[in-house]
$ cat start17.pdb   # PDB, C-alpha atoms
ATOM      1  CA  MET A   1      25.280  56.638 152.704
ATOM      2  CA  THR A   2      26.045  53.069 153.738
ATOM      3  CA  ASP A   3      28.062  50.506 151.843
ATOM      4  CA  GLU A   4      25.253  47.981 151.898
ATOM      5  CA  LEU A   5      21.799  48.417 150.436
ATOM      6  CA  PHE A   6      19.183  47.366 152.951
ATOM      7  CA  PHE A   7      15.451  47.239 152.444
ATOM      8  CA  THR A   8      13.085  48.673 155.013
ATOM      9  CA  ILE A   9       9.888  46.760 155.720
ATOM     10  CA  ASP A  10       7.935  49.320 153.688
ATOM     11  CA  GLU A  11      10.400  49.002 150.791
ATOM     12  CA  ARG A  12      10.043  45.199 150.810
ATOM     13  CA  LYS A  13       6.274  45.508 150.589
ATOM     14  CA  LEU A  14       6.548  48.141 147.873
ATOM     15  CA  VAL A  15       9.002  46.039 145.843
ATOM     16  CA  SER A  16       6.669  43.028 145.999
ATOM     17  CA  ALA A  17       3.693  45.100 144.902
ATOM     18  CA  LEU A  18       5.593  46.879 142.121
ATOM     19  CA  LEU A  19       7.062  43.603 140.813
ATOM     20  CA  ALA A  20       3.651  41.941 140.725
ATOM     21  CA  GLU A  21       2.105  44.912 138.926
ATOM     22  CA  LEU A  22       4.953  45.195 136.446
ATOM     23  CA  LYS A  23       4.996  41.459 135.723
ATOM     24  CA  ASP A  24       1.243  41.512 135.155
ATOM     25  CA  LYS A  25       1.547  44.356 132.639
ATOM     26  CA  ILE A  26       4.500  43.084 130.583
ATOM     27  CA  ALA A  27       4.350  39.296 130.957
ATOM     28  CA  PRO A  28       3.331  38.699 127.322
ATOM     29  CA  SER A  29       6.369  40.625 126.039
ATOM     30  CA  LEU A  30       8.916  38.787 128.202
ATOM     31  CA  GLN A  31      11.016  35.938 126.868
ATOM     32  CA  PRO A  32      10.945  32.684 128.866
ATOM     33  CA  ALA A  33      14.246  33.190 130.769
ATOM     34  CA  ASP A  34      14.039  36.988 131.252
ATOM     35  CA  GLU A  35      12.556  36.960 134.741
ATOM     36  CA  ARG A  36      14.973  34.293 136.002
ATOM     37  CA  HIS A  37      18.030  36.083 134.547
ATOM     38  CA  LEU A  38      16.939  39.477 135.862
ATOM     39  CA  ARG A  39      16.270  38.150 139.350
ATOM     40  CA  SER A  40      19.655  36.397 139.344
ATOM     41  CA  HIS A  41      21.557  39.509 138.195
ATOM     42  CA  LEU A  42      19.872  41.762 140.750
ATOM     43  CA  LEU A  43      20.299  39.330 143.649
ATOM     44  CA  GLU A  44      23.971  38.767 142.795
ATOM     45  CA  ALA A  45      24.545  42.533 142.588
ATOM     46  CA  LEU A  46      22.855  43.009 145.970
ATOM     47  CA  ASP A  47      24.825  40.140 147.547
ATOM     48  CA  ALA A  48      28.064  41.645 146.236
ATOM     49  CA  HIS A  49      27.046  45.046 147.693
ATOM     50  CA  GLN A  50      27.328  46.581 144.224
ATOM     51  CA  VAL A  51      23.990  48.408 144.382
ATOM     52  CA  GLN A  52      23.818  51.285 146.850
ATOM     53  CA  ARG A  53      21.403  54.035 147.766
ATOM     54  CA  ASP A  54      21.775  57.193 145.715
ATOM     55  CA  LEU A  55      22.664  60.692 146.906
ATOM     56  CA  PHE A  56      19.072  61.247 148.064
ATOM     57  CA  ALA A  57      19.158  57.954 150.051
ATOM     58  CA  LEU A  58      16.662  56.433 147.629
ATOM     59  CA  ASN A  59      16.681  52.696 147.055
ATOM     60  CA  PRO A  60      17.742  52.200 143.405
ATOM     61  CA  ILE A  61      15.737  48.970 143.043
ATOM     62  CA  VAL A  62      12.547  50.716 144.163
ATOM     63  CA  THR A  63      13.353  53.677 141.916
ATOM     64  CA  SER A  64      13.979  51.365 138.953
ATOM     65  CA  LEU A  65      10.697  49.528 139.493
ATOM     66  CA  GLN A  66       8.778  52.797 139.738
ATOM     67  CA  THR A  67      10.462  54.117 136.596
ATOM     68  CA  ALA A  68       9.782  50.834 134.776
ATOM     69  CA  LEU A  69       6.085  51.065 135.651
ATOM     70  CA  LEU A  70       5.985  54.668 134.475
ATOM     71  CA  VAL A  71       7.654  53.592 131.204
ATOM     72  CA  VAL A  72       4.998  50.901 130.719
ATOM     73  CA  GLU A  73       1.884  52.740 131.911
ATOM     74  CA  GLU A  74       2.469  56.275 130.706
ATOM     75  CA  ILE A  75       4.716  55.787 127.675
ATOM     76  CA  GLY A  76       3.683  52.339 126.481
ATOM     77  CA  LEU A  77       7.121  50.709 126.242
ATOM     78  CA  ARG A  78       7.611  47.034 127.036
ATOM     79  CA  ARG A  79      10.295  44.357 127.461
ATOM     80  CA  ASP A  80      13.485  45.956 126.160
ATOM     81  CA  ALA A  81      12.926  49.296 127.885
ATOM     82  CA  VAL A  82      11.839  47.675 131.168
ATOM     83  CA  LEU A  83      14.849  45.356 131.237
ATOM     84  CA  ALA A  84      17.169  48.283 130.502
ATOM     85  CA  VAL A  85      15.642  50.288 133.361
ATOM     86  CA  MET A  86      15.889  47.338 135.754
ATOM     87  CA  LEU A  87      19.473  46.454 134.812
ATOM     88  CA  ARG A  88      20.746  50.006 134.900
ATOM     89  CA  PRO A  89      21.762  50.068 138.622
ATOM     90  CA  ALA A  90      23.825  46.882 138.168
ATOM     91  CA  VAL A  91      25.432  48.215 134.963
ATOM     92  CA  ASP A  92      26.131  51.609 136.561
ATOM     93  CA  ALA A  93      27.761  49.849 139.521
ATOM     94  CA  GLY A  94      29.956  47.844 137.154
ATOM     95  CA  PHE A  95      28.495  44.534 138.264
ATOM     96  CA  ILE A  96      27.373  43.535 134.784
ATOM     97  CA  THR A  97      28.706  44.785 131.470
ATOM     98  CA  ILE A  98      26.754  45.879 128.438
ATOM     99  CA  ASP A  99      28.321  42.968 126.535
ATOM    100  CA  GLU A 100      26.921  40.554 129.142
ATOM    101  CA  VAL A 101      23.537  42.246 128.841
ATOM    102  CA  GLU A 102      23.664  41.791 125.067
ATOM    103  CA  THR A 103      24.485  38.094 125.436
ATOM    104  CA  THR A 104      21.715  37.469 127.968
ATOM    105  CA  TYR A 105      18.943  39.871 126.917
ATOM    106  CA  GLY A 106      19.732  40.840 123.343
ATOM    107  CA  GLN A 107      21.189  43.668 121.316
ATOM    108  CA  THR A 108      18.265  46.054 121.762
ATOM    109  CA  VAL A 109      18.438  46.045 125.583
ATOM    110  CA  ALA A 110      22.216  46.546 125.389
ATOM    111  CA  ARG A 111      21.818  49.420 122.915
ATOM    112  CA  ILE A 112      19.321  51.173 125.198
ATOM    113  CA  LEU A 113      21.675  50.785 128.172
ATOM    114  CA  HIS A 114      24.582  52.082 126.106
ATOM    115  CA  GLY A 115      22.523  55.159 125.182
ATOM    116  CA  LEU A 116      21.559  55.718 128.831
ATOM    117  CA  GLN A 117      25.226  55.546 129.832
ATOM    118  CA  ARG A 118      26.267  58.011 127.126
ATOM    119  CA  ILE A 119      23.620  60.501 128.220
ATOM    120  CA  GLN A 120      24.581  60.067 131.878
ATOM    121  CA  GLU A 121      28.206  60.834 130.975
ATOM    122  CA  LEU A 122      27.022  63.900 129.073
ATOM    123  CA  TYR A 123      25.024  65.090 132.105
ATOM    124  CA  LYS A 124      28.122  64.721 134.280
ATOM    125  CA  LYS A 125      30.014  67.040 131.944
ATOM    126  CA  THR A 126      27.158  69.509 131.427
ATOM    127  CA  PRO A 127      24.602  69.277 134.251
ATOM    128  CA  VAL A 128      22.669  72.387 133.213
ATOM    129  CA  VAL A 129      20.364  71.781 130.280
ATOM    130  CA  GLU A 130      19.785  75.286 128.937
ATOM    131  CA  SER A 131      21.070  75.555 125.428
ATOM    132  CA  GLU A 132      19.531  74.394 122.204
ATOM    133  CA  ASN A 133      22.921  72.919 121.277
ATOM    134  CA  PHE A 134      22.851  70.694 124.355
ATOM    135  CA  ARG A 135      19.350  69.457 123.529
ATOM    136  CA  ASN A 136      20.413  68.711 119.968
ATOM    137  CA  LEU A 137      23.507  66.892 121.214
ATOM    138  CA  LEU A 138      21.383  64.895 123.635
ATOM    139  CA  LEU A 139      19.030  63.853 120.854
ATOM    140  CA  SER A 140      21.908  62.913 118.559
ATOM    141  CA  PHE A 141      23.395  60.732 121.320
ATOM    142  CA  ALA A 142      20.231  58.727 121.535
ATOM    143  CA  GLU A 143      20.248  56.369 118.585
ATOM    144  CA  ASP A 144      17.043  54.905 119.973
ATOM    145  CA  MET A 145      14.220  57.257 120.990
ATOM    146  CA  ARG A 146      13.416  54.931 123.904
ATOM    147  CA  VAL A 147      16.595  56.189 125.592
ATOM    148  CA  ILE A 148      15.205  59.736 125.718
ATOM    149  CA  LEU A 149      11.801  58.467 126.877
ATOM    150  CA  ILE A 150      13.434  56.455 129.674
ATOM    151  CA  MET A 151      15.497  59.475 130.751
ATOM    152  CA  ILE A 152      12.331  61.587 130.886
ATOM    153  CA  ALA A 153      10.512  58.862 132.856
ATOM    154  CA  ASP A 154      13.447  58.636 135.256
ATOM    155  CA  ARG A 155      13.360  62.390 135.920
ATOM    156  CA  VAL A 156       9.567  62.402 136.320
ATOM    157  CA  ASN A 157       9.840  59.537 138.800
ATOM    158  CA  LEU A 158      12.539  61.382 140.760
ATOM    159  CA  MET A 159      10.416  64.544 140.891
ATOM    160  CA  ARG A 160       7.419  62.531 142.116
ATOM    161  CA  GLN A 161       9.519  60.924 144.852
ATOM    162  CA  ILE A 162      10.791  64.330 145.987
ATOM    163  CA  ARG A 163       7.218  65.652 145.985
ATOM    164  CA  ASP A 164       6.026  62.681 148.062
ATOM    165  CA  VAL A 165       8.819  63.147 150.607
ATOM    166  CA  MET A 166       7.987  66.851 150.914
ATOM    167  CA  VAL A 167       4.294  66.072 151.437
ATOM    168  CA  GLU A 168       5.187  63.498 154.127
ATOM    169  CA  GLN A 169       7.422  66.047 155.889
ATOM    170  CA  HIS A 170       4.653  68.646 155.933
ATOM    171  CA  GLU A 171       2.117  66.151 157.234
ATOM    172  CA  GLY A 172       4.477  64.814 159.946
TER     173      GLY A 172
END

$ encode --input "start17.pdb" --output "structure tokens"
Amino acid sequence: MTDELFFTIDERKLVSALLAELKDKIAPSLQPADERHLRSHLLEALDAHQVQRDLFALNPIVTSLQTALLVVEEIGLRRDAVLAVMLRPAVDAGFITIDEVETTYGQTVARILHGLQRIQELYKKTPVVESENFRNLLLSFAEDMRVILIMIADRVNLMRQIRDVMVEQHEG
């Protein structure tokens, strides 16, 4: 894993296509400054080398865009959930705080991000999801059901990416 996130030519094309598709689908739900603020936060995080590839060498910006589209297309969520998904890599990297998110994007986006962080911390402590108690704890952590839906979308997206890589390896 490198210190700096770089974008391959294919990733650049994919990011442009995903952004255009996502913007087209949620534009009516966005507030006037959302796109400008989001672009600024992500570019600053990239310039500061705060966003890095994950353990599977996946680009977190691409992954976030794919998850955001899944959240919109297959679950039907809009602005607050999409912004939370898109800001998550920068929040996880410590580049932007949840308080800053609340100031810029509102309390709902911050609350979703807070729930995602709490669940991520829970997964770090208990990575195996087998018991009914764990599922109940997970649900009680999520004050907002969108947090659970985003976590499910994130896992579905990850499984699809793994599947696609495996298909490419078998074809190559």

$ resolve_selection --input "start17.pdb" --expression "the PyMOL selection byres ((chain A and resi 102-112) around 8)" --output "list in words"
Asp34, His37, Asp80, Ala81, Leu83, Ala84, Ile98, Asp99, Glu100, Val101, Leu113, His114, Gly115, Leu116, Asp144, Arg146 and Val147 of chain A

$ atom_distance --input "start17.pdb" --atom1 "CA of Leu42 in chain A" --atom2 "CA of Leu87 in chain A"
7.6 Å

$ resolve_selection --input "start17.pdb" --expression "the PyMOL selection byres ((chain A and resi 29) around 12)" --output "ChimeraX atom specification"
/A:22-28,30-35,72,77-83

$ atom_distance --input "start17.pdb" --atom1 "CA of Gly94 in chain A" --atom2 "CA of Leu18 in chain A"
24.9 Å

$ resolve_selection --input "start17.pdb" --expression "the PyMOL selection byres ((chain A and resi 74) around 12)" --output "VMD selection string"
chain A and resid 66 to 73 75 to 78 149 to 150 152 to 153 156 to 157

$ residues_near_point --input "start17.pdb" --point "(17.1, 55.9, 143.7)" --cutoff "12 Å" --atoms "only C-alpha atoms" --output "number ranges by chain"
A: 5, 11, 51-67, 85-86, 88-89, 154-155, 157-162

$ atom_distance --input "start17.pdb" --atom1 "CA of Phe95 in chain A" --atom2 "CA of Ala45 in chain A"
6.2 Å
